[in-house]
Each structure stands twice: as C-alpha cells, then as structure tokens.
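Engineer: The following file, structure_33.csv, comprises CSV, C-alpha atoms and all ligand atoms:
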```csv
chain,number,residue,atom,x,y,z
A,30,MET,CA,89.2,84.4,110.2
A,31,ASN,CA,88.5,87.5,112.4
A,32,ALA,CA,91.1,90.3,112.2
A,33,SER,CA,92.2,91.4,115.6
A,34,PRO,CA,90.8,94.8,116.6
A,35,PRO,CA,93.0,97.8,116.2
A,36,PRO,CA,94.9,98.8,119.4
A,37,SER,CA,93.2,101.5,121.4
A,38,THR,CA,94.8,104.9,121.7
A,39,ALA,CA,95.6,104.1,125.3
A,40,GLU,CA,98.1,101.5,124.0
A,41,PRO,CA,101.5,102.2,122.5
A,42,GLY,CA,100.6,99.8,119.6
A,43,HIS,CA,98.2,102.4,118.2
A,44,TRP,CA,100.9,105.1,118.1
A,45,ASP,CA,103.6,102.7,116.9
A,46,GLN,CA,101.4,101.9,113.9
A,47,ARG,CA,100.7,105.5,113.1
A,48,TYR,CA,104.4,106.3,113.1
A,49,ARG,CA,105.2,103.3,110.9
A,50,GLN,CA,102.4,104.0,108.5
A,51,GLY,CA,103.2,107.7,108.3
A,52,THR,CA,99.7,108.7,109.5
A,53,ASP,CA,101.3,111.0,112.0
A,54,ALA,CA,99.6,114.2,110.8
A,55,TRP,CA,100.5,116.0,114.1
A,56,GLU,CA,104.2,116.0,113.2
A,57,LEU,CA,105.5,119.6,112.8
A,58,GLY,CA,109.1,118.7,112.0
A,59,ARG,CA,110.2,121.3,114.6
A,60,PRO,CA,109.2,122.5,118.1
A,61,ALA,CA,105.7,124.1,118.2
A,62,PRO,CA,106.3,127.8,117.3
A,63,PRO,CA,104.3,129.3,120.2
A,64,LEU,CA,106.3,127.2,122.7
A,65,GLU,CA,109.6,128.0,121.1
A,66,ALA,CA,108.9,131.7,121.0
A,67,PHE,CA,107.7,131.7,124.6
A,68,LEU,CA,110.8,129.8,125.9
A,69,ARG,CA,113.2,132.0,123.9
A,70,THR,CA,111.7,135.5,124.4
A,71,HIS,CA,109.0,135.8,127.0
A,72,PRO,CA,109.9,137.7,130.1
A,73,LEU,CA,108.2,135.0,132.3
A,74,ALA,CA,109.8,132.1,130.5
A,75,PRO,CA,111.4,129.6,132.9
A,76,ARG,CA,115.2,129.7,132.8
A,77,PRO,CA,117.7,126.9,133.2
A,78,PRO,CA,119.0,125.0,135.1
A,79,GLY,CA,116.4,122.4,135.7
A,80,ARG,CA,115.2,118.9,134.9
A,81,VAL,CA,112.3,119.1,132.5
A,82,LEU,CA,110.0,116.3,131.2
A,83,VAL,CA,108.2,116.3,127.8
A,84,PRO,CA,105.4,113.7,128.1
A,85,GLY,CA,104.3,112.1,124.8
A,86,CYS,CA,107.4,113.7,123.2
A,87,GLY,CA,107.0,111.9,119.8
A,88,ARG,CA,110.0,112.8,117.6
A,89,GLY,CA,111.4,114.8,120.4
A,90,HIS,CA,111.6,118.3,119.0
A,91,GLU,CA,110.6,120.1,122.2
A,92,ALA,CA,113.0,117.9,124.3
A,93,ALA,CA,115.9,118.8,122.0
A,94,LEU,CA,115.0,122.5,122.2
A,95,LEU,CA,115.0,122.3,126.0
A,96,GLU,CA,118.5,120.8,125.9
A,97,ALA,CA,119.7,123.5,123.5
A,98,LEU,CA,118.3,126.1,126.0
A,99,GLY,CA,120.4,124.6,128.8
A,100,PHE,CA,117.9,122.4,130.6
A,101,VAL,CA,118.3,118.7,131.3
A,102,ALA,CA,115.5,117.3,129.2
A,103,ILE,CA,113.7,114.0,129.4
A,104,GLY,CA,111.6,113.0,126.4
A,105,LEU,CA,109.1,110.4,127.5
A,106,ASP,CA,106.9,108.3,125.1
A,107,PHE,CA,105.4,104.9,125.3
A,108,SER,CA,105.9,104.4,121.6
A,109,GLY,CA,109.1,102.7,120.7
A,110,GLU,CA,108.7,103.9,117.1
A,111,ALA,CA,108.5,107.5,118.3
A,112,LEU,CA,111.6,107.2,120.4
A,113,ALA,CA,113.6,105.4,117.6
A,114,GLU,CA,112.8,108.4,115.4
A,115,ALA,CA,113.7,110.9,118.2
A,116,ARG,CA,117.0,109.2,118.7
A,117,SER,CA,117.8,109.2,115.0
A,118,LEU,CA,116.9,112.9,114.7
A,119,HIS,CA,118.4,114.3,117.9
A,120,GLY,CA,121.0,111.7,119.0
A,121,PRO,CA,121.3,109.2,121.8
A,122,ASP,CA,121.0,109.7,125.6
A,123,ARG,CA,123.6,112.1,127.0
A,124,ALA,CA,124.0,114.5,130.0
A,125,GLY,CA,121.4,117.0,128.7
A,126,LEU,CA,118.9,114.8,127.0
A,127,ARG,CA,117.4,111.4,127.8
A,128,TRP,CA,114.8,109.3,126.0
A,129,LEU,CA,112.5,107.3,128.2
A,130,GLN,CA,110.1,104.7,127.0
A,131,ALA,CA,107.3,104.5,129.5
A,132,ASP,CA,103.6,105.0,130.0
A,133,LEU,CA,103.0,108.3,131.7
A,134,PHE,CA,100.4,106.7,133.9
A,135,ASP,CA,102.7,103.9,135.1
A,136,GLN,CA,103.8,105.4,138.4
A,137,GLN,CA,106.1,102.4,139.2
A,138,ALA,CA,107.9,102.6,135.8
A,139,LEU,CA,108.3,106.4,136.3
A,140,GLU,CA,109.8,105.9,139.8
A,141,ALA,CA,112.1,103.1,138.6
A,142,ALA,CA,113.4,105.6,136.0
A,143,GLY,CA,114.0,108.3,138.6
A,144,LEU,CA,110.8,110.2,138.1
A,145,ALA,CA,109.6,110.3,141.7
A,146,ALA,CA,107.2,112.8,143.2
A,147,GLY,CA,108.7,116.2,143.2
A,148,SER,CA,111.6,115.2,141.0
A,149,LEU,CA,111.0,117.7,138.1
A,150,THR,CA,111.6,121.4,137.8
A,151,GLY,CA,109.4,121.6,134.8
A,152,ILE,CA,107.1,119.9,132.3
A,153,VAL,CA,106.4,120.9,128.7
A,154,GLU,CA,103.1,119.8,127.2
A,155,HIS,CA,102.6,119.6,123.5
A,156,THR,CA,99.8,117.5,122.0
A,157,CYS,CA,100.0,114.8,124.6
A,158,PHE,CA,97.0,116.1,126.6
A,159,CYS,CA,94.8,116.0,123.4
A,160,ALA,CA,96.1,112.5,122.5
A,161,ILE,CA,94.9,111.1,125.8
A,162,ASP,CA,91.2,110.1,126.3
A,163,PRO,CA,89.4,113.0,128.0
A,164,GLU,CA,88.4,110.5,130.8
A,165,ARG,CA,92.0,110.3,131.8
A,166,ARG,CA,92.7,114.0,132.0
A,167,GLU,CA,92.3,114.1,135.7
A,168,ASP,CA,95.0,111.4,135.9
A,169,TYR,CA,97.2,113.3,133.5
A,170,ILE,CA,97.0,116.5,135.6
A,171,ALA,CA,97.4,114.6,138.9
A,172,THR,CA,100.6,112.9,137.4
A,173,VAL,CA,102.0,116.2,136.3
A,174,SER,CA,101.4,118.0,139.6
A,175,ARG,CA,102.8,115.0,141.5
A,176,LEU,CA,106.0,115.0,139.5
A,177,LEU,CA,106.7,118.7,139.9
A,178,VAL,CA,108.8,120.0,142.8
A,179,PRO,CA,107.1,122.8,144.8
A,180,GLY,CA,107.7,125.9,142.8
A,181,GLY,CA,108.0,123.8,139.6
A,182,TRP,CA,106.2,124.8,136.4
A,183,LEU,CA,104.1,123.4,133.6
A,184,LEU,CA,104.4,125.1,130.2
A,185,GLY,CA,101.7,123.8,127.9
A,186,LEU,CA,100.3,124.4,124.5
A,187,PHE,CA,96.7,123.1,124.6
A,188,TRP,CA,94.7,122.6,121.4
A,189,CYS,CA,91.3,123.9,122.4
A,190,HIS,CA,89.4,122.9,119.3
A,191,ARG,CA,85.7,121.9,119.4
A,192,ASN,CA,85.6,119.1,116.8
A,193,PRO,CA,83.9,115.9,117.9
A,194,GLY,CA,85.9,112.8,118.6
A,195,GLY,CA,89.6,112.3,118.8
A,196,PRO,CA,92.5,112.0,119.0
A,197,PRO,CA,93.1,114.9,119.0
A,198,TRP,CA,90.4,115.4,121.5
A,199,GLY,CA,89.4,119.0,121.9
A,200,SER,CA,89.1,121.0,125.0
A,201,ASP,CA,87.4,124.0,126.4
A,202,PRO,CA,89.9,126.6,127.8
A,203,GLU,CA,87.7,127.2,130.9
A,204,ALA,CA,87.5,123.5,131.6
A,205,VAL,CA,91.3,123.1,131.3
A,206,GLU,CA,91.8,126.0,133.6
A,207,ALA,CA,89.4,124.6,136.1
A,208,GLN,CA,91.1,121.2,136.0
A,209,LEU,CA,94.6,122.6,136.4
A,210,SER,CA,93.5,124.9,139.2
A,211,GLY,CA,91.6,122.1,140.9
A,212,ALA,CA,94.9,120.2,141.1
A,213,GLY,CA,96.5,123.2,142.9
A,214,LEU,CA,98.4,124.6,140.0
A,215,VAL,CA,98.5,128.4,139.7
A,216,PRO,CA,98.4,130.2,136.3
A,217,ALA,CA,101.0,132.8,135.5
A,218,VAL,CA,99.9,132.8,131.8
A,219,TRP,CA,96.7,131.4,130.3
A,220,GLU,CA,95.8,132.9,127.0
A,221,PRO,CA,95.2,132.2,123.3
A,222,ALA,CA,98.6,131.3,121.8
A,223,THR,CA,100.3,133.6,119.3
A,224,GLY,CA,102.2,132.2,116.3
A,225,SER,CA,100.3,129.0,115.9
A,226,LEU,CA,100.4,127.3,112.6
A,227,ASP,CA,97.3,127.9,110.3
A,228,ARG,CA,96.2,124.3,110.7
A,229,ARG,CA,96.3,124.7,114.5
A,230,PRO,CA,93.9,127.5,115.3
A,231,ASP,CA,92.4,127.5,118.8
A,232,GLU,CA,95.7,126.8,120.7
A,233,TRP,CA,96.0,128.2,124.2
A,234,LEU,CA,99.3,128.7,125.9
A,235,GLY,CA,99.7,128.3,129.7
A,236,LEU,CA,102.4,128.6,132.3
A,237,TRP,CA,101.3,127.1,135.5
A,238,ARG,CA,103.2,126.7,138.8
A,239,ARG,CA,103.0,124.3,141.7
A,240,PRO,CA,102.9,126.6,144.7
A,241,LEU,CA,105.9,126.5,147.0
A,242,HIS,CA,103.6,125.9,150.0
A,243,PRO,CA,100.4,123.8,149.9
A,244,VAL,CA,97.3,125.8,149.3
A,245,PRO,CA,94.7,125.1,152.0
A,246,GLY,CA,92.0,122.7,150.7
A,247,HIS,CA,94.2,121.1,148.1
A,248,HIS,CA,95.7,117.7,148.5
A,249,GLY,CA,97.5,117.6,145.1
A,301,LIG,C1,99.8,113.3,118.9
A,301,LIG,S1,101.3,112.6,119.3
A,301,LIG,C2,102.3,114.0,119.7
A,301,LIG,C3,103.8,113.8,119.7
A,301,LIG,C4,104.6,115.1,119.9
A,301,LIG,N1,104.3,115.7,121.2
A,301,LIG,C5,104.4,116.1,118.8
A,301,LIG,O1,103.7,117.1,119.0
A,301,LIG,O2,104.9,115.9,117.7
A,301,LIG,C6,101.0,111.9,121.0
A,301,LIG,C7,102.2,111.2,121.5
A,301,LIG,O3,101.9,110.8,122.9
A,301,LIG,C8,102.3,109.5,123.1
A,301,LIG,N2,101.4,109.0,124.2
A,301,LIG,C9,100.1,108.9,124.2
A,301,LIG,N3,99.7,108.4,125.4
A,301,LIG,C10,100.8,108.2,126.2
A,301,LIG,C11,101.0,107.7,127.5
A,301,LIG,N4,100.0,107.3,128.3
A,301,LIG,N5,102.3,107.6,127.9
A,301,LIG,C12,103.3,108.0,127.1
A,301,LIG,N6,103.2,108.5,125.9
A,301,LIG,C13,101.9,108.6,125.4
A,301,LIG,C14,102.1,108.8,121.8
A,301,LIG,O4,102.9,107.6,121.6
A,301,LIG,C15,102.5,109.9,120.8
A,301,LIG,O5,103.8,109.8,120.4
```
So that I can check it, write out the structure of this file as structure tokens.
Ligand SMILES: C[S@@+](CC[C@H](N)C(=O)[O-])C[C@H]1O[C@@H](n2cnc3c(N)ncnc32)[C@H](O)[C@@H]1O
Structural biologist:
Amino acid sequence: MNASPPPSTAEPGHWDQRYRQGTDAWELGRPAPPLEAFLRTHPLAPRPPGRVLVPGCGRGHEAALLEALGFVAIGLDFSGEALAEARSLHGPDRAGLRWLQADLFDQQALEAAGLAAGSLTGIVEHTCFCAIDPERREDYIATVSRLLVPGGWLLGLFWCHRNPGGPPWGSDPEAVEAQLSGAGLVPAVWEPATGSLDRRPDEWLGLWRRPLHPVPGHHG
C-alpha cells in the first residue's frame, strides 16, 4: 500500500503535524526578544490604539504581547493545532485579542472575518515570512500592504539566514528591502536586529509604513 505523501508546507496539515509531533523547533515560548524590546522601548515604536494582525501567529506570544501593550490584536494561523495551543496559553477571544483560523492568502476568508483592504493599523511579522515558500513572497507582501490602512505599519523580524532549503527559507536583506519597497512600503527602520537569541543570528528588524498618499508609479 502506498503511504500518502506528507502535506506540503503550503497546507495547514504540515504545520498541524509539526505541532502535534513537537517538531516545532521555532517555538521560543515567549515573544521574540528583538520585537518585544522594540515595541516596549524604541522611540519609533508604534503606540496604541490600533488593530494589529499577527500572521502565522503560532502559539500567539506576539499577539498576547500586543494586547498587553494596549492594541486590539488578531492572531491568525491556518493551523488549528497552533490556535488550540494559543487559546490554551493566552485565553479565548475577548475585546483585545482574537484568534482567527484562516489562510493568509485566502482573501475571501479574510474579508468574511472583517479583514478587508485598509482595515488594519499594523501587522507584526515573526517567522511567517520564512515559513512561506519564497515563490509566494510577492503575494505575502501584496497581502500585507493591501490590509494596511494608509499610514499603517509593518513591524517585522526577518530571519535573513543563507542556509539552503526551508522552511525556514532564508532571505537576503537587500532583496527583502527591494520587495517591500516595490510594494510601496517605506522603511523607518531596517537594520540587523539586536537582542536575537544565539540560535537566530542574522535577524533583521524593520518598521515599514504604507504612505498616507499613494506614491506615483505604485499601484499597491
Ligand atoms: C514557523 S511557524 C512560526 C509561528 C510563530 N510565528 C512563532 O514564531 O512561534 C509558522 C506559522 O505560520 C503558519 N502559516 C504558514 N503559512 C500560513 C498561511 N498561508 N496562512 C496562515 N498561517 C500560515 C503555520 O501554521 C505556523 O504556525
């Protein structure tokens, strides 16, 4: 009998299995230190109020942090296992925190859940970008910039390692910068992260904004 092929990383089944098997080596058990330090102390850190999405939120540590800081946070993941763990760690849906099971690339599902174009003040990226096949990065960036209100922000910790294969797929900081700028986002911060864990060298931290007024030549 032929065993069925393992689910691809573009399917929730792959991630469900990893959470169930405990092969979730990305898990930090807390918000990523460079993101937490930036949000708590950096002079350019976005301040509440605001509605902020964490795509591929996993166990939800960044979403819970955003709620604690005063934002209305939405932790989105297409893995039911991830969200079950997020709920058990951080509690059920409430005014300041909501868990949403959906594929980030399913525009209809996002709209049905109230995530229409321009509906978000901010997005916090942590190891979702590197979990998505590099061929879909343009889609990821287009989705993020579509969801942000003009003036909205993307705060991201990007793992710019050079190892072959993935996930986590590596990146080149210059390529990430070119892709985000190409979608019309403007950097306020883009630099090697400080305070990364030893096992996560090569992280870059960025704060990008969607301009208040369209930039000529951009359709994003
Ligand atoms: C490497 S894990 C990181 C989880 C969490 N951000 C963390 O750092 O602990 C990537 C997460 O992204 C989720 N994911 C991957 N592709 C997705 C997609 N297209 N839509 C929604 N979630 C996705 C996976 O289910 C997984 O929970």
Engineer: Step by step, measure atom-to-atom distances between ligand LIG 301 (chain A) and each residue using all atoms listed in the file, keep those at most 9 Å, then write them as a PyMOL selection string.
Structural biologist: chain A and resi 38-45+48+53-61+83-91+105-112+130-135+154-162+169+196-197
Engineer: From the set A:Pro62, A:His190, A:Ser210, A:Gly51, which residue has the shortest atom-to-atom contact distance to Asp231 of chain A, counting all atoms listed in the file?
Structural biologist: A:His190
Engineer: Go through A:Arg175, A:Arg191, A:Arg165, A:Arg127 and flag the residue nearest Arg80 of chain A, using all atoms listed in the file for the distances.
Structural biologist: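 Once distances to Arg80 of chain A are computed over all atoms listed in the file, the minimum belongs to A:Arg127.
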Engineer: Rounded to one decimal place, report the atom CA of Ile152 of chain A-atom CA of Glu167 of chain A distance in Å.
Structural biologist: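 Separation between atom CA of Ile152 of chain A and atom CA of Glu167 of chain A: 16.3 Å.
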Engineer: Mind pulling up the distance from atom CA of Leu95 of chain A to atom CA of Thr172 of chain A?
Structural biologist: 20.6 Å
Engineer: Grab the atom CA of Gly180 of chain A to atom CA of Gly235 of chain A distance for me, in Å with one decimal place.
Structural biologist: 15.5 Å
Engineer: Name the residues, using the chain letters and numbers of the file, that sit within 12 Å of (102.1, 129.0, 112.6) when counting all atoms listed in the file, and give them as a PDB file with C-alpha atoms, in the coordinates of the input.
Structural biologist:
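In the end it all went to part_3.pdb:
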```pdb
ATOM      1  CA  LEU A  57     105.500 119.600 112.800  1.00  0.00           C
ATOM      2  CA  ARG A  59     110.200 121.300 114.600  1.00  0.00           C
ATOM      3  CA  PRO A  60     109.200 122.500 118.100  1.00  0.00           C
ATOM      4  CA  ALA A  61     105.700 124.100 118.200  1.00  0.00           C
ATOM      5  CA  PRO A  62     106.300 127.800 117.300  1.00  0.00           C
ATOM      6  CA  PRO A  63     104.300 129.300 120.200  1.00  0.00           C
ATOM      7  CA  LEU A  64     106.300 127.200 122.700  1.00  0.00           C
ATOM      8  CA  GLU A  65     109.600 128.000 121.100  1.00  0.00           C
ATOM      9  CA  ALA A  66     108.900 131.700 121.000  1.00  0.00           C
ATOM     10  CA  ALA A 222      98.600 131.300 121.800  1.00  0.00           C
ATOM     11  CA  THR A 223     100.300 133.600 119.300  1.00  0.00           C
ATOM     12  CA  GLY A 224     102.200 132.200 116.300  1.00  0.00           C
ATOM     13  CA  SER A 225     100.300 129.000 115.900  1.00  0.00           C
ATOM     14  CA  LEU A 226     100.400 127.300 112.600  1.00  0.00           C
ATOM     15  CA  ASP A 227      97.300 127.900 110.300  1.00  0.00           C
ATOM     16  CA  ARG A 228      96.200 124.300 110.700  1.00  0.00           C
ATOM     17  CA  ARG A 229      96.300 124.700 114.500  1.00  0.00           C
ATOM     18  CA  PRO A 230      93.900 127.500 115.300  1.00  0.00           C
ATOM     19  CA  ASP A 231      92.400 127.500 118.800  1.00  0.00           C
ATOM     20  CA  GLU A 232      95.700 126.800 120.700  1.00  0.00           C
TER      21      GLU A 232
END
```
Engineer: Which one is closest to Leu149 of chain A: A:Pro202, A:Leu177, A:Pro221, A:Ala93? Count only C-alpha atoms.
Structural biologist: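 That would be A:Leu177, the residue with the smallest distance to Leu149 of chain A.
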Engineer: Of the candidates A:Glu140, A:Val101, A:Val173, A:Pro163, which one gets nearest to Gly195 of chain A if we count only C-alpha atoms?
Structural biologist: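 With only C-alpha atoms as the atom set, the closest residue is A:Pro163.
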Engineer: Quick one: of A:Asp168, A:Glu114, A:Glu220, A:Glu203, who's nearest to Gln136 of chain A, counting only C-alpha atoms?
Structural biologist: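 Closest residue, counting only C-alpha atoms: A:Asp168.
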Engineer: Env of Arg238 of chain A: 8 Å cut, atoms = only C-alpha atoms, seq-sep filter 2 positions within chain, self excluded. Answer as a PyMOL selection string.
Structural biologist: chain A and resi 180-183+214-217+236+240
Engineer: Selection from above, C-alpha atoms, as a CSV table (one decimal), in the coordinates of the input, can you write it?
Structural biologist:
```csv
chain,number,residue,atom,x,y,z
A,180,GLY,CA,107.7,125.9,142.8
A,181,GLY,CA,108.0,123.8,139.6
A,182,TRP,CA,106.2,124.8,136.4
A,183,LEU,CA,104.1,123.4,133.6
A,214,LEU,CA,98.4,124.6,140.0
A,215,VAL,CA,98.5,128.4,139.7
A,216,PRO,CA,98.4,130.2,136.3
A,217,ALA,CA,101.0,132.8,135.5
A,236,LEU,CA,102.4,128.6,132.3
A,240,PRO,CA,102.9,126.6,144.7
```
